[in-house]
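Data block for model_30.txt (compact mmCIF, C-alpha atoms):
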# COMPACT_ATOMS: atom_id res chain seq x y z
CA MET A 1 -29.42 -11.55 18.79
CA ARG A 2 -29.57 -7.83 18.24
CA GLU A 3 -26.29 -6.35 17.16
CA ARG A 4 -24.72 -3.81 19.53
CA ARG A 5 -22.66 -0.95 18.16
CA TRP A 6 -19.50 0.26 19.79
CA SER A 7 -18.95 4.02 19.93
CA GLY A 8 -15.55 3.73 18.27
CA GLY A 9 -17.14 2.56 15.03
CA GLY A 10 -16.97 -1.23 15.43
CA ARG A 11 -19.72 -3.64 16.34
CA TRP A 12 -20.13 -6.71 18.45
CA ASN A 13 -22.15 -9.78 17.54
CA GLY A 14 -22.78 -11.80 20.68
CA SER A 15 -19.49 -12.62 22.41
CA ARG A 16 -17.38 -12.63 19.24
CA TRP A 17 -16.21 -10.01 16.82
CA ASN A 18 -18.48 -9.82 13.82
CA VAL A 19 -16.10 -10.37 10.90
CA SER A 20 -17.20 -7.29 9.03
CA ARG A 21 -15.95 -4.41 6.99
CA TRP A 22 -15.18 -2.61 10.24
CA ARG A 23 -13.03 -5.47 11.48
CA GLY A 24 -11.17 -5.48 8.20
CA ALA A 25 -10.70 -1.73 8.53
CA LEU A 26 -9.53 -2.12 12.12
CA LEU A 27 -7.02 -4.82 11.28
CA ALA A 28 -5.85 -2.96 8.20
CA ALA A 29 -5.18 0.15 10.24
CA LEU A 30 -3.83 -1.69 13.25
CA LEU A 31 -1.54 -3.84 11.17
CA LEU A 32 0.08 -0.96 9.31
CA LEU A 33 3.19 -2.83 10.22
CA SER A 34 5.75 -0.17 10.69
CA ALA A 35 7.35 -1.40 7.52
CA GLY A 36 2.83 -0.48 4.59
CA GLY A 37 3.88 0.82 -10.38
CA ASP A 38 1.01 0.07 -11.38
CA VAL A 39 -0.31 -3.04 -12.94
CA ALA A 40 0.43 -2.12 -16.46
CA ALA A 41 3.13 0.47 -16.48
CA PRO A 42 5.95 1.92 -14.49
CA PRO A 43 4.73 5.37 -13.49
CA ALA A 44 5.10 7.36 -16.67
CA ALA A 45 3.73 10.45 -14.95
CA ALA A 46 6.82 10.67 -12.80
CA GLY A 47 8.95 11.31 -15.83
CA ALA A 48 6.72 14.14 -17.01
CA GLY A 49 8.65 17.13 -15.78
CA SER A 50 9.88 15.49 -12.58
CA PRO A 51 13.58 16.01 -11.81
CA GLY A 52 13.74 12.82 -9.73
CA ALA A 53 13.36 11.96 -6.07
CA ALA A 54 15.06 14.27 -3.57
CA PRO A 55 17.75 12.72 -1.34
CA VAL A 56 16.41 11.10 1.82
CA PRO A 57 17.55 12.94 4.99
CA ALA A 58 19.98 10.99 7.14
CA ALA A 59 17.51 10.47 10.01
CA ALA A 60 14.80 9.24 7.65
CA ALA A 61 17.21 6.91 5.86
CA ASP A 62 18.29 5.48 9.21
CA LEU A 63 14.67 4.70 10.12
CA LEU A 64 14.01 2.93 6.82
CA ARG A 65 17.15 0.82 7.34
CA ARG A 66 15.95 -0.15 10.83
CA PHE A 67 12.81 -1.73 9.41
CA ALA A 68 14.62 -3.93 6.88
CA GLY A 69 14.96 -7.64 7.63
CA ALA A 70 12.81 -10.43 9.06
CA TRP A 71 10.83 -10.05 12.26
CA ASP A 72 8.80 -12.36 14.51
CA ALA A 73 5.62 -10.62 15.66
CA THR A 74 3.19 -11.23 18.52
CA MET A 75 -0.08 -9.28 18.30
CA GLN A 76 -2.72 -8.65 20.93
CA VAL A 77 -6.05 -7.39 19.59
CA ILE A 78 -8.79 -6.03 21.83
CA GLY A 79 -11.72 -8.37 22.47
CA PRO A 80 -15.33 -7.81 23.53
CA PRO A 81 -15.88 -6.39 27.04
CA GLY A 82 -14.93 -8.90 29.73
CA GLU A 83 -12.98 -11.16 27.35
CA PRO A 84 -9.21 -11.45 26.96
CA PRO A 85 -7.48 -10.03 23.89
CA GLN A 86 -6.95 -12.17 20.82
CA VAL A 87 -3.30 -13.20 20.43
CA LEU A 88 -1.83 -13.79 16.97
CA ASN A 89 1.68 -14.72 15.89
CA GLY A 90 3.20 -13.87 12.55
CA ILE A 91 6.31 -13.20 10.50
CA GLU A 92 7.09 -9.93 8.75
CA VAL A 93 9.77 -9.61 6.06
CA ASN A 94 10.78 -6.07 5.06
CA ALA A 95 12.94 -5.24 2.05
CA SER A 96 14.63 -1.97 1.14
CA GLY A 97 13.89 -0.57 -2.33
CA GLY A 98 14.53 2.41 -4.57
CA ASP A 99 18.14 2.88 -3.37
CA GLY A 100 16.85 3.30 0.17
CA LEU A 101 13.86 5.52 -0.67
CA TRP A 102 11.30 3.03 0.64
CA VAL A 103 10.89 -0.28 2.42
CA THR A 104 8.21 -2.86 1.57
CA GLY A 105 6.76 -5.31 4.06
CA ASP A 106 5.17 -8.74 3.68
CA PHE A 107 3.30 -10.01 6.74
CA ARG A 108 1.83 -13.50 7.16
CA SER A 109 -0.25 -14.98 9.97
CA GLN A 110 -3.55 -16.74 10.70
CA ILE A 111 -6.86 -15.09 11.64
CA ASP A 112 -9.77 -17.29 12.70
CA GLY A 113 -7.91 -20.29 11.26
CA ARG A 114 -7.52 -18.70 7.82
CA PRO A 115 -4.29 -17.47 6.20
CA PHE A 116 -3.75 -13.76 6.54
CA GLN A 117 -1.40 -11.69 4.39
CA GLY A 118 -0.60 -8.01 4.53
CA HIS A 119 1.56 -5.78 2.35
CA SER A 120 3.03 -2.40 3.21
CA ILE A 121 5.08 0.42 1.70
CA LEU A 122 6.82 2.97 3.91
CA THR A 123 8.54 5.88 2.19
CA TRP A 124 9.84 9.39 2.78
CA ASP A 125 7.78 12.13 1.11
CA ALA A 126 10.26 14.95 0.51
CA PRO A 127 7.80 17.70 -0.53
CA ALA A 128 5.70 17.14 2.61
CA ALA A 129 8.70 16.32 4.83
CA LYS A 130 6.66 13.41 6.19
CA PHE A 131 6.70 9.64 6.14
CA ARG A 132 3.89 8.05 4.15
CA ARG A 133 2.78 4.46 4.42
CA LEU A 134 0.41 2.21 2.57
CA TRP A 135 -1.17 -0.94 3.98
CA ALA A 136 -3.27 -3.60 2.22
CA ASP A 137 -4.38 -6.99 3.52
CA SER A 138 -6.65 -9.95 2.94
CA THR A 139 -9.48 -8.71 5.20
CA SER A 140 -10.41 -5.72 3.03
CA THR A 141 -10.60 -4.61 -0.60
CA ALA A 142 -9.27 -1.16 0.31
CA PHE A 143 -5.72 -0.06 0.98
CA TRP A 144 -4.91 2.62 3.52
CA ILE A 145 -2.40 5.47 3.38
CA SER A 146 -1.19 7.26 6.51
CA GLU A 147 1.45 9.89 7.22
CA GLY A 148 3.52 11.02 10.16
CA ASP A 149 6.86 11.90 11.74
CA TRP A 150 9.94 10.21 13.17
CA ASP A 151 11.55 11.40 16.41
CA PRO A 152 15.13 10.06 16.55
CA LYS A 153 15.61 11.11 20.18
CA SER A 154 12.78 8.92 21.46
CA ALA A 155 13.12 6.41 18.59
CA THR A 156 9.39 6.85 17.94
CA LEU A 157 7.48 6.90 14.66
CA THR A 158 4.01 8.44 14.96
CA MET A 159 1.56 8.02 12.07
CA TRP A 160 -2.04 9.20 11.57
CA ILE A 161 -4.88 7.66 9.59
CA GLU A 162 -7.88 9.78 8.68
CA THR A 163 -11.09 7.76 8.19
CA ARG A 164 -14.77 7.71 9.21
CA ASN A 165 -16.58 5.74 11.88
CA SER A 166 -19.84 3.82 11.50
CA ARG A 167 -21.83 7.07 11.77
CA GLY A 168 -19.90 8.66 8.92
CA GLU A 169 -18.07 11.04 11.23
CA PRO A 170 -14.40 11.86 10.50
CA VAL A 171 -11.93 10.37 12.99
CA ARG A 172 -8.14 10.19 13.25
CA TRP A 173 -6.40 7.03 14.38
CA ARG A 174 -2.91 7.25 15.83
CA GLU A 175 -0.26 4.57 15.64
CA GLU A 176 3.04 4.60 17.42
CA THR A 177 6.15 2.51 16.82
CA ILE A 178 8.97 2.59 19.37
CA PHE A 179 12.33 0.94 18.66
CA GLN A 180 14.26 -0.67 21.49
CA GLY A 181 17.49 -2.46 20.57
CA GLU A 182 16.70 -5.41 18.28
CA GLY A 183 12.97 -5.08 18.90
CA ARG A 184 10.16 -2.65 18.43
CA THR A 185 6.64 -2.18 19.79
CA PHE A 186 3.70 -0.99 17.75
CA THR A 187 0.53 0.37 19.36
CA MET A 188 -2.63 1.43 17.55
CA PHE A 189 -4.85 3.94 19.34
CA ILE A 190 -8.45 4.38 18.24
CA PRO A 191 -10.87 7.17 19.21
CA GLY A 192 -13.20 6.47 22.10
CA PRO A 193 -16.69 7.92 22.73
CA THR A 194 -15.08 11.30 23.47
CA THR A 195 -11.59 12.51 22.62
CA VAL A 196 -9.92 9.88 24.80
CA GLU A 197 -7.93 7.29 22.86
CA ALA A 198 -7.90 3.57 23.56
CA ALA A 199 -5.11 1.14 22.70
CA ALA A 200 -6.78 -1.34 20.35
CA MET A 201 -3.77 -3.40 19.37
CA THR A 202 -0.20 -3.93 20.50
CA ILE A 203 2.37 -5.74 18.38
CA THR A 204 5.73 -6.78 19.77
CA TYR A 205 8.48 -7.46 17.25
CA LYS A 206 11.76 -9.27 17.69
CA ARG A 207 14.31 -9.26 14.90
CA ARG A 208 14.81 -12.76 13.54
CA PRO A 209 18.48 -13.88 13.50
CA ALA A 210 20.01 -13.86 10.02
CA ALA A 211 20.85 -17.55 10.32
CA GLN A 212 17.21 -18.45 11.03
CA LYS A 213 15.44 -19.09 7.75
CA VAL A 214 12.06 -17.60 6.93
CA PRO A 215 9.57 -20.29 5.82
CA PRO A 216 8.41 -19.80 2.23
CA PRO A 217 4.79 -18.80 1.60
CA GLY A 218 2.51 -21.81 1.44
CA GLY A 219 -0.62 -22.57 -0.54
CA PRO A 220 -1.58 -21.97 -4.16
CA VAL A 221 -1.05 -18.72 -6.03
CA PRO A 222 -4.20 -16.64 -5.37
CA ALA A 223 -6.61 -15.94 -8.18
CA PRO A 224 -8.03 -12.45 -8.71
CA ALA A 225 -10.82 -11.70 -6.24
CA GLY A 226 -13.78 -10.80 -8.41
CA PRO A 227 -14.50 -10.08 -12.08
CA GLU A 228 -13.10 -6.55 -11.99
CA LEU A 229 -9.66 -7.71 -10.92
CA ALA A 230 -9.92 -10.72 -13.25
CA ARG A 231 -9.67 -8.22 -16.12
CA LEU A 232 -6.07 -7.66 -15.00
CA GLN A 233 -5.12 -11.33 -14.74
CA SER A 234 -3.04 -11.21 -17.91
CA SER A 235 -0.84 -8.53 -16.31
CA ALA A 236 0.50 -11.00 -13.73
CA GLY A 237 3.97 -12.29 -14.53
CA VAL A 238 7.28 -10.87 -15.74
CA TRP A 239 7.42 -8.25 -18.50
CA SER A 240 10.15 -6.38 -20.33
CA VAL A 241 9.32 -2.69 -20.57
CA ARG A 242 10.54 0.21 -22.68
CA ARG A 243 9.27 3.71 -21.95
CA ASP A 244 9.74 6.76 -24.12
CA ASP A 245 9.52 9.92 -21.99
CA ARG A 246 8.92 12.69 -24.50
CA VAL A 247 9.06 15.49 -21.92
CA ARG A 248 12.49 14.68 -20.56
CA GLY A 249 13.78 13.12 -23.76
CA GLU A 250 14.80 9.93 -21.95
CA GLU A 251 14.21 6.24 -22.47
CA MET A 252 13.69 3.76 -19.67
CA LYS A 253 14.37 0.05 -20.17
CA GLY A 254 13.67 -2.49 -17.48
CA THR A 255 11.70 -5.41 -16.11
CA GLU A 256 8.31 -5.36 -14.42
CA THR A 257 7.12 -8.17 -12.14
CA ASN A 258 3.44 -8.30 -11.15
CA THR A 259 2.06 -10.66 -8.49
CA TRP A 260 -1.26 -11.16 -6.70
CA CYS A 261 -1.40 -10.48 -2.98
CA CYS A 262 -3.74 -10.94 -0.05
CA ASP A 263 -6.18 -13.56 -1.41
CA GLY A 264 -6.10 -11.92 -4.85
CA ARG A 265 -7.44 -8.58 -3.61
CA PHE A 266 -4.45 -6.57 -4.85
CA LEU A 267 -1.96 -6.70 -7.71
CA LEU A 268 1.57 -5.70 -6.73
CA SER A 269 4.11 -4.31 -9.17
CA ASP A 270 7.91 -4.09 -9.02
CA VAL A 271 9.92 -2.31 -11.71
CA ALA A 272 13.72 -2.27 -12.04
CA GLY A 273 15.70 -0.74 -14.87
CA ARG A 274 17.60 2.30 -16.10
CA SER A 275 16.28 5.69 -17.19
CA GLY A 276 18.93 7.57 -19.11
CA LYS A 277 22.10 7.24 -17.04
CA ARG A 278 20.26 6.63 -13.76
CA THR A 279 18.89 3.48 -12.19
CA TYR A 280 15.11 3.38 -11.98
CA ALA A 281 12.86 1.49 -9.58
CA ALA A 282 9.16 1.57 -8.71
CA HIS A 283 6.82 -0.31 -6.42
CA GLY A 284 3.04 -0.08 -6.41
CA ILE A 285 -0.37 -1.63 -5.98
CA VAL A 286 -3.71 -1.77 -7.83
CA ALA A 287 -7.10 -2.52 -6.24
CA TRP A 288 -10.81 -2.51 -7.03
CA ASP A 289 -12.93 -0.38 -4.69
CA PRO A 290 -16.46 -1.83 -4.73
CA GLU A 291 -17.87 0.99 -2.61
CA HIS A 292 -16.94 3.67 -5.12
CA ARG A 293 -17.05 1.33 -8.14
CA ARG A 294 -13.60 2.28 -9.36
CA TYR A 295 -10.04 1.03 -9.60
CA GLU A 296 -7.38 2.56 -7.37
CA ARG A 297 -3.63 2.46 -7.52
CA ALA A 298 -0.68 3.94 -5.65
CA PHE A 299 3.03 3.72 -6.26
CA VAL A 300 6.35 5.26 -5.43
CA ASP A 301 9.41 5.51 -7.67
CA THR A 302 12.91 6.90 -7.88
CA ALA A 303 11.81 9.58 -10.37
CA GLY A 304 9.95 11.50 -7.66
CA THR A 305 6.45 10.03 -7.65
CA GLY A 306 4.94 10.21 -4.15
CA LEU A 307 2.65 7.66 -2.54
CA GLU A 308 -0.82 8.90 -3.48
CA ARG A 309 -4.17 7.24 -4.22
CA VAL A 310 -5.13 7.54 -7.92
CA PRO A 311 -8.60 6.60 -9.30
CA GLY A 312 -9.14 4.57 -12.46
CA ALA A 313 -12.06 3.67 -14.74
CA TRP A 314 -12.61 0.71 -17.09
CA ASP A 315 -13.93 1.26 -20.61
CA GLU A 316 -15.85 -1.84 -21.61
CA ALA A 317 -16.09 -0.78 -25.24
CA THR A 318 -12.33 -0.48 -25.74
CA GLY A 319 -11.12 -2.88 -23.05
CA THR A 320 -8.86 -0.19 -21.58
CA LEU A 321 -8.21 1.13 -18.08
CA THR A 322 -7.61 4.86 -17.57
CA PHE A 323 -6.07 6.45 -14.48
CA HIS A 324 -6.35 10.20 -13.94
CA LEU A 325 -3.24 11.87 -12.55
CA ASP A 326 -2.75 15.28 -10.94
CA ARG A 327 0.96 15.79 -10.33
CA PRO A 328 3.46 18.66 -9.98
CA ASP A 329 4.70 19.63 -13.43
CA GLY A 330 8.17 20.64 -12.25
CA ARG A 331 7.49 24.32 -12.98
CA GLY A 332 5.39 25.21 -9.94
CA GLY A 333 2.09 24.15 -11.50
CA THR A 334 -0.01 20.98 -11.73
CA LEU A 335 -0.05 18.45 -14.54
CA HIS A 336 -3.51 17.02 -15.31
CA ALA A 337 -3.04 13.84 -17.29
CA ASP A 338 -4.68 10.55 -18.21
CA GLU A 339 -2.81 7.27 -18.52
CA VAL A 340 -4.55 4.70 -20.73
CA LEU A 341 -3.60 1.05 -20.30
CA ALA A 342 -4.33 -1.36 -23.15
CA TRP A 343 -3.74 -5.12 -23.61
CA ASN A 344 -3.10 -7.16 -26.75
CA GLY A 345 -2.14 -10.76 -25.97
CA ASP A 346 1.46 -10.88 -24.74
CA GLU A 347 1.90 -7.18 -25.40
CA ARG A 348 0.47 -4.11 -23.75
CA THR A 349 0.89 -0.35 -23.71
CA ALA A 350 0.47 2.59 -21.37
CA THR A 351 0.03 6.02 -22.92
CA LEU A 352 0.23 9.16 -20.80
CA SER A 353 -1.36 12.29 -22.28
CA GLU A 354 -2.41 15.71 -21.08
CA ALA A 355 -6.03 15.57 -19.96
CA SER A 356 -8.22 17.12 -22.64
CA ALA A 357 -11.72 16.56 -23.99
CA GLY A 358 -10.35 16.05 -27.48
CA GLY A 359 -7.20 14.22 -26.43
CA GLY A 360 -4.10 16.06 -25.29
CA LYS A 361 -0.41 15.96 -26.05
CA VAL A 362 1.26 12.57 -25.54
CA LEU A 363 3.82 12.84 -22.74
CA ALA A 364 5.11 9.28 -22.46
CA THR A 365 4.51 5.85 -23.96
CA SER A 366 5.39 2.50 -22.37
CA ARG A 367 5.51 -0.77 -24.32
CA TYR A 368 5.58 -4.21 -22.74
CA ARG A 369 6.30 -7.74 -23.85
CA LYS A 370 5.59 -10.71 -21.62
CA GLU A 371 8.64 -12.81 -20.74
CA ARG A 372 6.98 -15.39 -18.50
Do you think you could lay out the structure here as C-alpha cells?
Amino acid sequence: MRERRWSGGGRWNGSRWNVSRWRGALLAALLLLSAGGDVAAPPAAAGAGSPGAAPVPAAAADLLRRFAGAWDATMQVIGPPGEPPQVLNGIEVNASGGDGLWVTGDFRSQIDGRPFQGHSILTWDAPAAKFRRLWADSTSTAFWISEGDWDPKSATLTMWIETRNSRGEPVRWREETIFQGEGRTFTMFIPGPTTVEAAAMTITYKRRPAAQKVPPPGGPVPAPAGPELARLQSSAGVWSVRRDDRVRGEEMKGTETNTWCCDGRFLLSDVAGRSGKRTYAAHGIVAWDPEHRRYERAFVDTAGTGLERVPGAWDEATGTLTFHLDRPDGRGGTLHADEVLAWNGDERTATLSEASAGGGKVLATSRYRKER
C-alpha cells in the first residue's frame, strides 16, 4: 500500500501508525513529561571560570518542587483519521537534584506491547531566565531540548521545541502543562498544514499517594544499543572521582554513577561530591547520533553549567572521546575548550584544555577509579 504523508510531518501506513523515526520524534516531543555529567567526567568546563549556579527564583523553585514525587499517568495519542486515540498508562517518578536546581524524571509504560522508558531533566536557566528541559526515550536515538516560561497565576508551564518536519521545514511545537491541585494536565500541540495547531497528545497525571509503593523496574539491565555506545560500556557503574580545577584553584572529590537508559540508547550520569567548601552535583546524558555520525551529551550542574547539546568525536587511533565546549569564561567572553576522555582498565581520565591546534593550556583534570 502506498504510504500517505501527513502535512504535520508524520506518515500513515494503512490504518496504523508506521513505527518510524517520525513517531519516535513525536513521542519524544509529546512525552517531554513536565518533569525531561557526562559519561566520563563531571563537567570540568563548569569550573573553568564559572562562579557557580545563580540562585533559583522563588517562583521557579516552587514549580520544580511541584514536579517532584511519583505520578500515575494516562496518555491519549492521536490516531489515524476516523480511529480513536491510543490510550497508554504509565508511572512517572521525579526526583529533585542539585539543591533544587533541577528535577529528573523517569517514565515507564508500554507501547505496542514493548517496554517504554523515558528520561527527563527540567532545570532553571538563570542567564536566559527560562526553563530548559531535556527528554530522551527508547523510541529514538536523539534527545530533545526545549525551553519556555512558567506563569504562576495560571499555574501553566509553556515550552517550545524547534525542529523540522518531513519536508525539512522549520517548525515549532508547543507543549503546555497546567497544574490543578494534586494533578496536572499536559497537552502537546503540533503544527497543522497552516499556522493552526492541533492537540496531538494529552496526558493526565494524578499524584500517587506516598504510602502507595512504586513498582521497581523490571527486566534485565539494557546493553548498549550499537557499537558506538558499546565503546562506553566500561563507564557504566560507580566511580570515585577527583578533579583538579586549575582555573579556580579548587579540588572536587565525589562519586559518579553511570547507568544505561531507554533500551541502552543513552548513558545517564549522576555526580555527588564537594568542590572546595561547597557541595557539588551534576546530572547528564550521552548519546550517539547516527544521522550526524557524532556523540552528543548534555548536563547540568551546581557550578553553573546550563543544559546545552555538546558534540563529541571518537578517535579510533587513541581510543579517546573528545567533546568541544563553548562556554562563558566568567569575564564576559567565551571559552573554547576540548575535553578529552580516556580509559585504562578500571581507571579513566578527563582532561579539559583550551582549544588550540597545537594543544592549549590545561584547565582541569579529572581522575576516576572504578568502585563497582
Per residue of stretch 84-185 of chain A within 12 Å of stretch 222-236 of chain A, record the nearest atom pair and its distance in Å to one decimal, counting only C-alpha atoms, with rows in chain order and ascending residue number, as JSON lines.
{"residue": "A:Pro115", "atom": "CA", "partner": "A:Pro222", "partner_atom": "CA", "distance": 11.6}
{"residue": "A:Gln117", "atom": "CA", "partner": "A:Pro222", "partner_atom": "CA", "distance": 11.3}
{"residue": "A:Ser138", "atom": "CA", "partner": "A:Ala225", "partner_atom": "CA", "distance": 10.2}
{"residue": "A:Thr139", "atom": "CA", "partner": "A:Ala225", "partner_atom": "CA", "distance": 11.9}
{"residue": "A:Ser140", "atom": "CA", "partner": "A:Ala225", "partner_atom": "CA", "distance": 11.0}
{"residue": "A:Thr141", "atom": "CA", "partner": "A:Ala225", "partner_atom": "CA", "distance": 9.1}
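Contact shell of A:Phe266 at 9 Å (all atoms listed in the file; same-chain neighbours under 3 positions omitted): Ala136, Asp137, Ser138, Thr141, Ala142, Phe143, Pro224, Ala225, Leu229, Thr259, Trp260, Cys261, Cys262, Asp263, Ile285, Val286, Ala287 and Trp288 of chain A.
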Neighbours of A:Arg309 within 7 Å (only C-alpha atoms; same-chain residues fewer than 6 positions away dropped), as a tab-separated table (two decimals) with C-alpha atoms, in the frame of the given file?
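File produced: selection_33.tsv:
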chain	number	residue	atom	x	y	z
A	296	GLU	CA	-7.38	2.56	-7.37
A	297	ARG	CA	-3.63	2.46	-7.52
A	298	ALA	CA	-0.68	3.94	-5.65
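When atom CA of A:His119 is paired with atom CA of A:Pro209, their separation reads 21.8 Å.
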Can you pull out every residue within 9 Å of A:Arg246, counting all atoms listed in the file, but drop anything in the same chain fewer than 2 positions away, and send it as a JSON list (two decimals) with C-alpha atoms, keeping the file's coordinate frame?
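See around31.json below for the written result:
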[["chain", "number", "residue", "atom", "x", "y", "z"],
["A", 47, "GLY", "CA", 8.95, 11.31, -15.83],
["A", 48, "ALA", "CA", 6.72, 14.14, -17.01],
["A", 244, "ASP", "CA", 9.74, 6.76, -24.12],
["A", 248, "ARG", "CA", 12.49, 14.68, -20.56],
["A", 249, "GLY", "CA", 13.78, 13.12, -23.76],
["A", 250, "GLU", "CA", 14.80, 9.93, -21.95],
["A", 251, "GLU", "CA", 14.21, 6.24, -22.47],
["A", 362, "VAL", "CA", 1.26, 12.57, -25.54],
["A", 363, "LEU", "CA", 3.82, 12.84, -22.74],
["A", 364, "ALA", "CA", 5.11, 9.28, -22.46],
["A", 365, "THR", "CA", 4.51, 5.85, -23.96]]
